[in-house]
Amino acid sequence: MSEAEILPGQTEDGSLPSVFTEEFSLNLGPQHPSTHGVLRLLVRLSGEIVVDCKPYLGYLHRGVEKILENRTYMQGIRYVDQFDYVSGMLNEHSYVGAVERLMQLEVPRRAEYLRVVVDELSRICSHLVAIGTALLDLGAWTPITYCFRDREEILDLFEELCGSRLNFNYHRVGGVLFDLPEGWVAKCLSFLARFERSLDELEEFVNGNELFIARLVGVGVITPEMGIAYGISGPSIRGSGVNFDIRTYRPYSVYTELGFEPQLATAGDCFARYLVRMAEMRESVRMVRRALEGLPEGPVRARMPHYLLPPKGETYFSIESSKGELGVYLISDGTANPYRVKVRPPSFVNLQILPELVKGQKVADIVAILGSIDVVMGEVDR
Amino acid sequence: MDIADEQGHETPVLRQGRPSQLPSVLEKLPLPNVVLATTETVLNWARSRSTWPLTYGLACCAIEMMATGMPQHDMGRFGVELFRPSPRQADLMIVSGTVSLKMGPRLRRLWEQMAVPKWVIAMGDCATSGGEFWDSYHTVQGVDTIVPVDVYVPGCPPRPEALLDGVMRLREKIQKAGFYRPVELDGPSVEAIMGLAEEGGGES
Amino acid sequence: MRPLISVARRPTPDSRLVAAAEIVRGHLGPRLLSISYQAGDILCLEVDRSDLLATATFLRDAPELRFDFLSCVSGVDMVSHMLVVYHLHSLSNRLTAQLKVKADAREPVVDSVSAIWPTANWHEREAFDMLGIQFNGHPNLERLLLVEGFVGYPLRRNYQLPRRRWPHGRMVEEGGPVDERS
Amino acid sequence: MLPQDYFWGYAFVAIFLLVGVLFAFIAIMMSRVLGPRSTGGDKLRSYESGEVPIGPAWVQFPVHYYVFALLFVVFDVEAIFFLIWANSFRRLGLAGLVEMAVFALVLLGGLVYAWKKGVLKWT
């Protein structure tokens, strides 16, 4: 049997295996409803079972880290919003926090409380979008409309506070930009009360629904060791029972005073991650309520020179964004522009485990797993 | 393809104020309930009231586009109801977000695969002109260098109302457009336009 | 101009961090090029390129340290040399460490730690893509973020951003991306 | 009905058929006449979410999907017969019941055979 006559998949002695099947490669490409943005998955299937999955990134790469090196610290806050564009406030907090840590700057307590309020509201927005789109990918049209209805109310609060719905530009080095407008606290508290009822409504949709239980329970299980080895952080790792939450692991801001407890689940599958996100939203509501009730008086921003010149040096500061540990490694050479800003985006790291989870599963489960890992491409591609 | 649409009709200065219920080109006949109109008007009237967008969310503007599609702002009232994932069934491509160099050829391919008559809305500063990434090494400075754009919606991200205004302007533009002649898609490939290496068939 | 803000006071490092530092100094001894504390709660180490893998396995497996969570691998172009910085968390002992490795500025080559922490895979591919740092032993070191035909390493200091102007609305690109080396 | 009317009856049927066919034909042809077409570029290349399709789509698919579909068709048709029989259940009486039982048992035998062959076992 010369080389040419052997058909692909044919055994040496020339007999065809009993059932000869070929693999089929498919592009879940950049423009796909379930990839939450421009992510391309080159998937090799044998029938319905996924044999291999290779993610391709870079479709939204804008070179923000290089641009940040050509902008002053003040201008850079604008670009940091674009990383995780569903929870803008958390990105700004990480960048601004890194500069403050570099300068060992004391931020006024009122500013810290305001930061907790806007961060947790931003986290609720992000979880609402995450859960809404994950369920939309499984074919449920109604939950996303409920999620976006609540999110609109938060965006109205943000717009009243800092004038923008998505790219807030609200944090400043040394505090925050504006103080709370009149009546904002009352509006926010009434929203929180309504929001807890709509969370129960959302849970009615999903927890009892055997469709979602069949699609999400036992799918894409992340074991604690695998999660830590792959550097997974955020709700994805807390779904597997690992108590890793930056707000308690390396406490920053005033989370310890507000008595924050991380939310955990043990199963580690898609449903556990969904439960962790729902529990985190309730915890965020408690945080915002406590922060608003205990809001201290005082200035909203430390007295800062107009022309900000942080000292030479480097620092690594990370916060708990809605997707996981959002770290900023900042090197400054004493000039007005940062020398190097390396961002550790949680989505970029959490996405690495997708090929591991997807092998051997069915094609439809890729969508469920990707929805549960909650990836935002602005953060993955930077 | 210049900025004016294919038939060379300059976009007329849009009348402000309430868009008329009945396109003014219809002639009212004395007979009750009988209206005379050219096929072109009826076709454009139908096309302008039901432009189905392609699910093409790139970046932050995609979240605002989704918010516009949701019940509060409800793009569906204006016919932009169903987000079609496949370009074969979509008439309108809302480019919402930053188009990177890697995404450019794909965007052009998606646009070519859409069925004529098709329209493009460049949503947000990044799609209109590269926006805040004006000096980025990996961003296409404006979608109109790749595909012909009909309506530009400024803003970063534009508020849902701004996108709705863009949709209304597109409506009036479609209503006034003449008969849609077949589009010949020759001309240099996108890679040549963007000076990138000719993209192979992708790795197997 | 003298910065108006109070000069950074050196916060005292907490006891567990100092204990961890002693263990590392005991184990590595002369191979440890430098050890310091960053703002009191990050242990900064620097080792030579050759014994990076040994240090990494020690940091992960030592019972008192157990830095099992690699948070971030960053490549930095310090013009005189290339720097690869690893940030590590120890979930059980609640410690954070930073490991620095210097590499040559023109042809940076560093051993890959993706065997020790699988999460390093994409971090290193991104550092290779952006700065051209070669990682020996990396399973598939290829381009991750940039477009297929991209020339040059954007995050290097000698890579200038394209300078663009928009006279009368038409874009004019004066200096294109400049990268003398490639 | 007069003899010559007899043939007129068929004329109505013919007209009815003609109008039906013409109506469908015009509806389909209308889009070809009025709707423009764009050709060239990547228009005719198969759509794979923006990418160039990799590898042929006509591959040797695992066979059990096909066999499962066959089984479904068989039992779908069986359901139709059950429906018809169920409509006039009382009038058919015992004879109808026995016939349908035999019919069902034969198909059940087929199902058991397929089951034993492991067709239903999804990999």
# chains A, B, ... in the order shown; residues from 1 in each chain; ligands from 1
$ closest_atom_pairs --of "chain A" --to "chain C" --cutoff "9 Å" --atoms "only C-alpha atoms" --output "JSON lines"
{"residue": "A:Tyr56", "atom": "CA", "partner": "C:Leu144", "partner_atom": "CA", "distance": 7.1}
{"residue": "A:Leu57", "atom": "CA", "partner": "C:Leu145", "partner_atom": "CA", "distance": 5.5}
{"residue": "A:Gly58", "atom": "CA", "partner": "C:Leu145", "partner_atom": "CA", "distance": 3.8}
{"residue": "A:Tyr59", "atom": "CA", "partner": "C:Leu145", "partner_atom": "CA", "distance": 7.5}
{"residue": "A:Leu60", "atom": "CA", "partner": "C:Leu145", "partner_atom": "CA", "distance": 8.6}
{"residue": "A:His61", "atom": "CA", "partner": "C:Leu145", "partner_atom": "CA", "distance": 6.4}
{"residue": "A:Gly63", "atom": "CA", "partner": "C:Pro154", "partner_atom": "CA", "distance": 8.1}
{"residue": "A:Glu65", "atom": "CA", "partner": "C:Leu155", "partner_atom": "CA", "distance": 7.9}
{"residue": "A:Lys66", "atom": "CA", "partner": "C:Leu155", "partner_atom": "CA", "distance": 6.0}
{"residue": "A:Ile67", "atom": "CA", "partner": "C:Leu161", "partner_atom": "CA", "distance": 8.0}
{"residue": "A:Asn70", "atom": "CA", "partner": "C:Leu161", "partner_atom": "CA", "distance": 8.8}
{"residue": "A:Arg101", "atom": "CA", "partner": "C:Ala39", "partner_atom": "CA", "distance": 7.7}
{"residue": "A:Leu102", "atom": "CA", "partner": "C:Ala8", "partner_atom": "CA", "distance": 7.9}
{"residue": "A:Met103", "atom": "CA", "partner": "C:Ala8", "partner_atom": "CA", "distance": 5.9}
{"residue": "A:Gln104", "atom": "CA", "partner": "C:Ala8", "partner_atom": "CA", "distance": 5.4}
{"residue": "A:Leu105", "atom": "CA", "partner": "C:Ile5", "partner_atom": "CA", "distance": 7.7}
{"residue": "A:Ile228", "atom": "CA", "partner": "C:Phe69", "partner_atom": "CA", "distance": 5.8}
{"residue": "A:Ala229", "atom": "CA", "partner": "C:Trp117", "partner_atom": "CA", "distance": 5.7}
{"residue": "A:Tyr230", "atom": "CA", "partner": "C:Thr119", "partner_atom": "CA", "distance": 4.3}
{"residue": "A:Gly231", "atom": "CA", "partner": "C:Thr119", "partner_atom": "CA", "distance": 5.5}
{"residue": "A:Ile232", "atom": "CA", "partner": "C:Thr119", "partner_atom": "CA", "distance": 8.3}
{"residue": "A:Val242", "atom": "CA", "partner": "C:Leu91", "partner_atom": "CA", "distance": 8.9}
{"residue": "A:Asn243", "atom": "CA", "partner": "C:Leu91", "partner_atom": "CA", "distance": 8.4}
{"residue": "A:Phe244", "atom": "CA", "partner": "C:Leu91", "partner_atom": "CA", "distance": 7.0}
{"residue": "A:Tyr249", "atom": "CA", "partner": "C:Arg94", "partner_atom": "CA", "distance": 6.4}
{"residue": "A:Arg250", "atom": "CA", "partner": "C:Arg94", "partner_atom": "CA", "distance": 7.8}
{"residue": "A:Arg303", "atom": "CA", "partner": "C:Ile5", "partner_atom": "CA", "distance": 8.8}
{"residue": "A:Met304", "atom": "CA", "partner": "C:Ile5", "partner_atom": "CA", "distance": 7.6}
{"residue": "A:Pro305", "atom": "CA", "partner": "C:Leu4", "partner_atom": "CA", "distance": 6.6}
{"residue": "A:Leu308", "atom": "CA", "partner": "C:Pro3", "partner_atom": "CA", "distance": 7.9}
{"residue": "A:Leu309", "atom": "CA", "partner": "C:Pro3", "partner_atom": "CA", "distance": 6.3}
{"residue": "A:Pro310", "atom": "CA", "partner": "C:Pro3", "partner_atom": "CA", "distance": 7.4}
{"residue": "A:Pro311", "atom": "CA", "partner": "C:Pro3", "partner_atom": "CA", "distance": 7.7}
{"residue": "A:Glu314", "atom": "CA", "partner": "C:Gln38", "partner_atom": "CA", "distance": 8.3}
{"residue": "A:Thr315", "atom": "CA", "partner": "C:Gln38", "partner_atom": "CA", "distance": 7.1}
{"residue": "A:Tyr316", "atom": "CA", "partner": "C:His87", "partner_atom": "CA", "distance": 8.3}
{"residue": "A:Glu325", "atom": "CA", "partner": "C:Ser71", "partner_atom": "CA", "distance": 8.2}
{"residue": "A:Gly327", "atom": "CA", "partner": "C:Cys72", "partner_atom": "CA", "distance": 8.0}
{"residue": "A:Tyr329", "atom": "CA", "partner": "C:Ser74", "partner_atom": "CA", "distance": 8.0}
{"residue": "A:Arg340", "atom": "CA", "partner": "C:Val76", "partner_atom": "CA", "distance": 7.0}
{"residue": "A:Lys342", "atom": "CA", "partner": "C:Ser74", "partner_atom": "CA", "distance": 6.4}
{"residue": "A:Val343", "atom": "CA", "partner": "C:Cys72", "partner_atom": "CA", "distance": 8.5}
{"residue": "A:Arg344", "atom": "CA", "partner": "C:Cys72", "partner_atom": "CA", "distance": 6.0}
{"residue": "A:Phe348", "atom": "CA", "partner": "C:Trp122", "partner_atom": "CA", "distance": 8.4}
{"residue": "A:Val349", "atom": "CA", "partner": "C:Thr119", "partner_atom": "CA", "distance": 7.0}
{"residue": "A:Asn350", "atom": "CA", "partner": "C:Thr119", "partner_atom": "CA", "distance": 9.0}
{"residue": "A:Gln352", "atom": "CA", "partner": "C:Thr119", "partner_atom": "CA", "distance": 7.2}
{"residue": "A:Ile353", "atom": "CA", "partner": "C:Thr119", "partner_atom": "CA", "distance": 8.5}
{"residue": "A:Asp381", "atom": "CA", "partner": "C:Leu145", "partner_atom": "CA", "distance": 6.6}
$ select_by_dssp --residues "range 131-245 of chain A" --states "strand (DSSP E)" --output "list of chain:residue names"
A:His171, A:Arg172, A:Gly175, A:Val176
$ interface_residues --of "chain A" --to "chain D" --cutoff "10 Å" --atoms "only C-alpha atoms" --output "PDB file with N, CA, C and O atoms, in the first residue's frame"
ATOM      1  N   VAL A  19     -17.014   2.282  11.397  1.00  0.00           N
ATOM      2  CA  VAL A  19     -17.791   3.460  10.984  1.00  0.00           C
ATOM      3  C   VAL A  19     -16.796   4.621  10.824  1.00  0.00           C
ATOM      4  O   VAL A  19     -16.182   5.043  11.822  1.00  0.00           O
ATOM      5  N   PHE A  20     -16.631   5.093   9.599  1.00  0.00           N
ATOM      6  CA  PHE A  20     -15.567   6.076   9.339  1.00  0.00           C
ATOM      7  C   PHE A  20     -16.177   7.463   9.358  1.00  0.00           C
ATOM      8  O   PHE A  20     -17.041   7.799   8.538  1.00  0.00           O
ATOM      9  N   THR A  21     -15.818   8.261  10.383  1.00  0.00           N
ATOM     10  CA  THR A  21     -16.390   9.615  10.446  1.00  0.00           C
ATOM     11  C   THR A  21     -15.249  10.630  10.403  1.00  0.00           C
ATOM     12  O   THR A  21     -14.160  10.377  10.919  1.00  0.00           O
ATOM     13  N   GLU A  22     -15.541  11.760   9.793  1.00  0.00           N
ATOM     14  CA  GLU A  22     -14.527  12.819   9.705  1.00  0.00           C
ATOM     15  C   GLU A  22     -14.880  13.920  10.695  1.00  0.00           C
ATOM     16  O   GLU A  22     -16.043  14.090  11.082  1.00  0.00           O
ATOM     17  N   GLU A  23     -13.855  14.697  11.043  1.00  0.00           N
ATOM     18  CA  GLU A  23     -14.134  15.853  11.915  1.00  0.00           C
ATOM     19  C   GLU A  23     -14.451  17.061  11.048  1.00  0.00           C
ATOM     20  O   GLU A  23     -14.025  17.150   9.891  1.00  0.00           O
ATOM     21  N   PHE A  24     -15.153  17.986  11.652  1.00  0.00           N
ATOM     22  CA  PHE A  24     -15.693  19.113  10.877  1.00  0.00           C
ATOM     23  C   PHE A  24     -15.322  20.374  11.643  1.00  0.00           C
ATOM     24  O   PHE A  24     -15.579  20.463  12.847  1.00  0.00           O
ATOM     25  N   SER A  25     -14.604  21.314  10.976  1.00  0.00           N
ATOM     26  CA  SER A  25     -14.183  22.494  11.767  1.00  0.00           C
ATOM     27  C   SER A  25     -15.140  23.642  11.481  1.00  0.00           C
ATOM     28  O   SER A  25     -15.546  23.864  10.335  1.00  0.00           O
ATOM     29  N   LEU A  26     -15.518  24.314  12.520  1.00  0.00           N
ATOM     30  CA  LEU A  26     -16.560  25.339  12.434  1.00  0.00           C
ATOM     31  C   LEU A  26     -16.036  26.593  13.122  1.00  0.00           C
ATOM     32  O   LEU A  26     -15.361  26.525  14.146  1.00  0.00           O
ATOM     33  N   ASN A  27     -16.370  27.766  12.551  1.00  0.00           N
ATOM     34  CA  ASN A  27     -15.963  29.045  13.148  1.00  0.00           C
ATOM     35  C   ASN A  27     -17.121  29.622  13.937  1.00  0.00           C
ATOM     36  O   ASN A  27     -18.089  30.081  13.361  1.00  0.00           O
ATOM     37  N   LEU A  28     -17.046  29.590  15.290  1.00  0.00           N
ATOM     38  CA  LEU A  28     -17.979  30.451  16.033  1.00  0.00           C
ATOM     39  C   LEU A  28     -17.312  31.820  16.056  1.00  0.00           C
ATOM     40  O   LEU A  28     -16.670  32.203  17.028  1.00  0.00           O
ATOM     41  N   GLY A  29     -17.437  32.529  14.950  1.00  0.00           N
ATOM     42  CA  GLY A  29     -16.501  33.586  14.631  1.00  0.00           C
ATOM     43  C   GLY A  29     -16.766  34.918  15.306  1.00  0.00           C
ATOM     44  O   GLY A  29     -17.568  35.005  16.227  1.00  0.00           O
ATOM     45  N   PRO A  30     -16.106  35.958  14.804  1.00  0.00           N
ATOM     46  CA  PRO A  30     -16.237  37.248  15.476  1.00  0.00           C
ATOM     47  C   PRO A  30     -17.664  37.737  15.516  1.00  0.00           C
ATOM     48  O   PRO A  30     -18.100  38.294  16.513  1.00  0.00           O
ATOM     49  N   GLN A  31     -18.446  37.487  14.471  1.00  0.00           N
ATOM     50  CA  GLN A  31     -19.807  38.045  14.514  1.00  0.00           C
ATOM     51  C   GLN A  31     -20.754  36.900  14.840  1.00  0.00           C
ATOM     52  O   GLN A  31     -21.208  36.180  13.960  1.00  0.00           O
ATOM     53  N   HIS A  32     -21.002  36.680  16.131  1.00  0.00           N
ATOM     54  CA  HIS A  32     -21.848  35.542  16.515  1.00  0.00           C
ATOM     55  C   HIS A  32     -22.655  35.975  17.732  1.00  0.00           C
ATOM     56  O   HIS A  32     -22.100  36.587  18.641  1.00  0.00           O
ATOM     57  N   PRO A  33     -23.959  35.688  17.757  1.00  0.00           N
ATOM     58  CA  PRO A  33     -24.753  36.234  18.867  1.00  0.00           C
ATOM     59  C   PRO A  33     -24.283  35.760  20.224  1.00  0.00           C
ATOM     60  O   PRO A  33     -24.411  36.473  21.208  1.00  0.00           O
ATOM     61  N   ARG A  40     -13.515  34.836  18.474  1.00  0.00           N
ATOM     62  CA  ARG A  40     -13.660  33.784  17.459  1.00  0.00           C
ATOM     63  C   ARG A  40     -13.205  32.463  18.057  1.00  0.00           C
ATOM     64  O   ARG A  40     -12.089  32.367  18.573  1.00  0.00           O
ATOM     65  N   LEU A  42     -12.478  28.668  16.986  1.00  0.00           N
ATOM     66  CA  LEU A  42     -12.385  27.679  15.902  1.00  0.00           C
ATOM     67  C   LEU A  42     -12.601  26.316  16.552  1.00  0.00           C
ATOM     68  O   LEU A  42     -11.759  25.834  17.316  1.00  0.00           O
ATOM     69  N   LEU A  45     -15.416  19.654  15.423  1.00  0.00           N
ATOM     70  CA  LEU A  45     -16.509  18.816  15.930  1.00  0.00           C
ATOM     71  C   LEU A  45     -16.431  17.454  15.275  1.00  0.00           C
ATOM     72  O   LEU A  45     -16.089  17.347  14.088  1.00  0.00           O
ATOM     73  N   SER A  46     -16.787  16.423  16.044  1.00  0.00           N
ATOM     74  CA  SER A  46     -17.093  15.141  15.382  1.00  0.00           C
ATOM     75  C   SER A  46     -18.562  14.921  15.697  1.00  0.00           C
ATOM     76  O   SER A  46     -18.925  14.567  16.815  1.00  0.00           O
ATOM     77  N   GLY A  47     -19.388  15.224  14.695  1.00  0.00           N
ATOM     78  CA  GLY A  47     -20.830  15.157  14.930  1.00  0.00           C
ATOM     79  C   GLY A  47     -21.213  16.323  15.807  1.00  0.00           C
ATOM     80  O   GLY A  47     -21.030  17.477  15.423  1.00  0.00           O
ATOM     81  N   GLU A  48     -21.670  16.048  17.005  1.00  0.00           N
ATOM     82  CA  GLU A  48     -22.099  17.129  17.880  1.00  0.00           C
ATOM     83  C   GLU A  48     -21.082  17.367  18.988  1.00  0.00           C
ATOM     84  O   GLU A  48     -21.128  18.383  19.659  1.00  0.00           O
ATOM     85  N   ILE A  49     -20.162  16.430  19.121  1.00  0.00           N
ATOM     86  CA  ILE A  49     -19.243  16.498  20.271  1.00  0.00           C
ATOM     87  C   ILE A  49     -18.053  17.360  19.871  1.00  0.00           C
ATOM     88  O   ILE A  49     -17.506  17.240  18.778  1.00  0.00           O
TER      89      ILE A  49
END
$ select_by_dssp --residues "range 260-356 of chain A" --states "helix (DSSP H, G or I)" --output "PyMOL selection string"
chain A and resi 270-293+346-356
$ closest_residue --among "A:Val380, A:Val300, A:Val118, A:Leu357" --to "chain B" --atoms "only C-alpha atoms"
A:Val380
$ residues_around --residues "Arg25 in chain C" --least-positions-apart "2" --cutoff "12 Å" --atoms "only C-alpha atoms" --output "short mmCIF file (atom, residue, chain, number, x, y, z; two decimals) with C-alpha atoms, in the first residue's frame"
data_model
loop_
_atom_site.label_atom_id
_atom_site.label_comp_id
_atom_site.auth_asym_id
_atom_site.auth_seq_id
_atom_site.Cartn_x
_atom_site.Cartn_y
_atom_site.Cartn_z
CA VAL C 18 8.80 39.28 56.81
CA ALA C 19 8.65 35.57 57.80
CA ALA C 20 8.05 34.62 54.17
CA ALA C 21 10.98 36.81 53.14
CA GLU C 22 13.23 34.97 55.57
CA ILE C 23 12.21 31.61 54.13
CA HIS C 27 16.37 28.95 50.41
CA LEU C 28 17.74 31.08 47.59
CA GLY C 29 20.63 32.74 49.39
CA PRO C 30 23.12 34.26 46.88
CA ARG C 31 20.89 33.61 43.86
CA LEU C 32 18.42 36.14 45.22
CA LEU C 33 19.54 39.36 43.54
CA SER C 34 17.34 41.72 45.52
CA ILE C 35 14.51 41.56 48.05
CA SER C 36 12.28 44.45 49.18
CA LEU C 43 7.26 40.95 48.70
CA CYS C 44 9.44 41.95 45.73
CA LEU C 45 12.09 39.47 44.61
CA GLU C 46 14.50 39.54 41.74
CA VAL C 47 16.34 36.52 40.42
CA THR C 55 12.52 29.82 42.08
CA PHE C 58 9.98 26.65 45.01
CA LEU C 59 7.54 29.55 45.48
#
$ atom_distance --atom1 "CA of Ala46 in chain B" --atom2 "CA of Gln175 in chain B"
8.9 Å
$ atom_distance --atom1 "CA of Asp48 in chain C" --atom2 "CA of Ser318 in chain A"
26.6 Å
$ interface_residues --of "chain B" --to "chain A" --cutoff "10 Å" --atoms "only C-alpha atoms" --output "short mmCIF file (atom, residue, chain, number, x, y, z; two decimals) with N, CA and C atoms, in the first residue's frame"
data_model
loop_
_atom_site.label_atom_id
_atom_site.label_comp_id
_atom_site.auth_asym_id
_atom_site.auth_seq_id
_atom_site.Cartn_x
_atom_site.Cartn_y
_atom_site.Cartn_z
N LEU B 54 -28.38 43.79 11.72
CA LEU B 54 -27.52 42.61 11.90
C LEU B 54 -26.97 42.67 13.31
N THR B 55 -26.98 41.55 14.05
CA THR B 55 -26.38 41.60 15.41
C THR B 55 -24.88 41.79 15.23
N TYR B 56 -24.44 43.00 15.37
CA TYR B 56 -23.04 43.26 15.08
C TYR B 56 -22.50 44.17 16.15
N GLY B 57 -22.46 43.65 17.42
CA GLY B 57 -21.98 44.49 18.52
C GLY B 57 -20.48 44.34 18.65
N LEU B 58 -19.74 45.41 18.63
CA LEU B 58 -18.28 45.32 18.77
C LEU B 58 -17.89 45.68 20.19
N ALA B 59 -18.22 46.91 20.61
CA ALA B 59 -17.68 47.36 21.91
C ALA B 59 -18.79 48.02 22.71
N CYS B 60 -18.46 49.10 23.41
CA CYS B 60 -19.41 49.69 24.37
C CYS B 60 -20.69 50.12 23.66
N CYS B 61 -20.57 50.57 22.41
CA CYS B 61 -21.80 51.00 21.73
C CYS B 61 -22.75 49.83 21.58
N ALA B 62 -22.22 48.59 21.58
CA ALA B 62 -23.11 47.43 21.43
C ALA B 62 -24.05 47.36 22.63
N ILE B 63 -23.53 47.71 23.82
CA ILE B 63 -24.39 47.64 24.99
C ILE B 63 -25.49 48.70 24.88
N GLU B 64 -25.10 49.87 24.35
CA GLU B 64 -26.14 50.90 24.17
C GLU B 64 -27.12 50.48 23.08
N MET B 66 -27.97 47.42 22.49
CA MET B 66 -28.89 46.44 23.12
C MET B 66 -29.90 47.19 23.98
N ALA B 67 -29.41 48.21 24.70
CA ALA B 67 -30.35 48.96 25.55
C ALA B 67 -31.40 49.64 24.69
N GLY B 69 -32.57 48.40 22.00
CA GLY B 69 -33.51 47.38 21.55
C GLY B 69 -34.43 46.91 22.66
N MET B 70 -34.09 47.24 23.92
CA MET B 70 -34.86 46.72 25.05
C MET B 70 -36.11 47.58 25.27
N PRO B 71 -37.03 47.11 26.11
CA PRO B 71 -38.35 47.76 26.21
C PRO B 71 -38.31 49.25 26.51
N GLN B 72 -37.31 49.74 27.27
CA GLN B 72 -37.43 51.16 27.63
C GLN B 72 -37.40 52.04 26.39
N HIS B 73 -36.43 51.80 25.50
CA HIS B 73 -36.30 52.71 24.34
C HIS B 73 -36.88 52.07 23.08
N PHE B 83 -33.17 41.48 15.61
CA PHE B 83 -31.73 41.47 15.34
C PHE B 83 -31.39 40.16 14.64
N ARG B 84 -31.09 40.25 13.34
CA ARG B 84 -30.81 39.02 12.59
C ARG B 84 -29.32 38.68 12.73
N PRO B 85 -29.01 37.47 13.24
CA PRO B 85 -27.59 37.13 13.34
C PRO B 85 -26.94 36.97 11.97
N SER B 86 -27.69 36.50 10.95
CA SER B 86 -27.00 36.20 9.67
C SER B 86 -27.15 37.38 8.73
N PRO B 87 -26.08 37.75 8.05
CA PRO B 87 -26.17 38.90 7.12
C PRO B 87 -27.14 38.63 5.97
N GLY B 97 -19.14 50.30 17.67
CA GLY B 97 -17.92 50.04 18.42
C GLY B 97 -16.70 50.29 17.54
N THR B 98 -15.54 50.01 18.14
CA THR B 98 -14.27 50.28 17.44
C THR B 98 -13.98 49.16 16.46
N VAL B 99 -13.62 49.53 15.24
CA VAL B 99 -13.28 48.51 14.23
C VAL B 99 -11.76 48.41 14.23
N SER B 100 -11.24 47.26 14.68
CA SER B 100 -9.78 47.13 14.70
C SER B 100 -9.29 46.63 13.34
N LEU B 101 -8.00 46.66 13.14
CA LEU B 101 -7.46 46.25 11.83
C LEU B 101 -7.83 44.80 11.55
N LYS B 102 -7.89 43.98 12.65
CA LYS B 102 -8.20 42.56 12.45
C LYS B 102 -9.67 42.39 12.06
N MET B 103 -10.51 43.34 12.49
CA MET B 103 -11.95 43.18 12.26
C MET B 103 -12.35 43.78 10.90
N GLY B 104 -11.49 44.65 10.35
CA GLY B 104 -11.86 45.34 9.11
C GLY B 104 -12.23 44.40 7.98
N ARG B 106 -13.13 41.37 8.05
CA ARG B 106 -14.36 40.62 8.38
C ARG B 106 -15.58 41.52 8.19
N LEU B 107 -15.45 42.78 8.60
CA LEU B 107 -16.59 43.69 8.46
C LEU B 107 -16.96 43.84 6.98
N LEU B 110 -18.70 40.74 5.80
CA LEU B 110 -20.09 40.66 6.26
C LEU B 110 -20.96 41.62 5.44
N GLU B 132 -11.72 58.21 20.03
CA GLU B 132 -10.64 58.51 20.98
C GLU B 132 -9.40 57.67 20.68
N PHE B 133 -9.53 56.69 19.80
CA PHE B 133 -8.34 55.89 19.45
C PHE B 133 -7.73 56.44 18.17
N TRP B 134 -7.70 57.77 18.07
CA TRP B 134 -7.26 58.37 16.80
C TRP B 134 -5.79 58.06 16.52
N ASP B 135 -5.01 57.83 17.59
CA ASP B 135 -3.60 57.54 17.26
C ASP B 135 -3.27 56.08 17.59
N SER B 136 -4.27 55.21 17.56
CA SER B 136 -3.97 53.81 17.88
C SER B 136 -3.38 53.13 16.65
N TYR B 137 -2.52 52.13 16.89
CA TYR B 137 -1.86 51.45 15.76
C TYR B 137 -2.70 50.32 15.22
N HIS B 138 -3.88 50.07 15.85
CA HIS B 138 -4.60 48.84 15.48
C HIS B 138 -6.06 49.16 15.23
N THR B 139 -6.37 50.43 14.90
CA THR B 139 -7.78 50.81 14.74
C THR B 139 -8.00 51.41 13.37
N VAL B 140 -9.14 51.04 12.76
CA VAL B 140 -9.49 51.63 11.46
C VAL B 140 -10.07 53.01 11.73
N CYS B 156 -20.30 58.97 22.47
CA CYS B 156 -19.43 57.87 22.90
C CYS B 156 -19.88 57.38 24.25
N PRO B 157 -20.76 56.41 24.46
CA PRO B 157 -21.62 55.90 23.38
C PRO B 157 -22.80 56.83 23.17
N PRO B 158 -23.35 56.83 21.98
CA PRO B 158 -24.52 57.69 21.75
C PRO B 158 -25.69 57.21 22.60
N ARG B 159 -26.45 58.12 23.14
CA ARG B 159 -27.60 57.72 23.94
C ARG B 159 -28.58 56.96 23.05
N GLY B 202 -7.32 31.01 6.75
CA GLY B 202 -7.42 30.68 8.19
C GLY B 202 -6.82 29.31 8.41
N GLU B 203 -6.37 29.07 9.60
CA GLU B 203 -5.68 27.78 9.88
C GLU B 203 -6.73 26.67 9.94
N SER B 204 -6.34 25.51 9.52
CA SER B 204 -7.36 24.42 9.60
C SER B 204 -7.32 23.85 11.00
#
$ closest_residue --among "B:Pro117, B:Gly79, B:Pro160, B:Pro154" --to "chain D" --atoms "only C-alpha atoms"
B:Pro117
$ closest_residue --among "B:Thr39, B:Ser129, B:Ser50, B:Thr68" --to "chain D" --atoms "only C-alpha atoms"
B:Thr39
$ residues_around --residues "Val120 in chain B" --least-positions-apart "3" --cutoff "6 Å" --atoms "only C-alpha atoms" --output "number ranges by chain"
B: 92-94, 149-150
$ write_last_selection --atoms "C-alpha atoms" --output "short mmCIF file (atom, residue, chain, number, x, y, z; two decimals), in the first residue's frame"
data_model
loop_
_atom_site.label_atom_id
_atom_site.label_comp_id
_atom_site.auth_asym_id
_atom_site.auth_seq_id
_atom_site.Cartn_x
_atom_site.Cartn_y
_atom_site.Cartn_z
CA LEU B 92 -29.13 47.24 8.15
CA MET B 93 -25.65 46.97 9.61
CA ILE B 94 -25.23 49.09 12.74
CA VAL B 149 -21.97 54.54 5.40
CA ASP B 150 -25.46 56.04 5.21
#
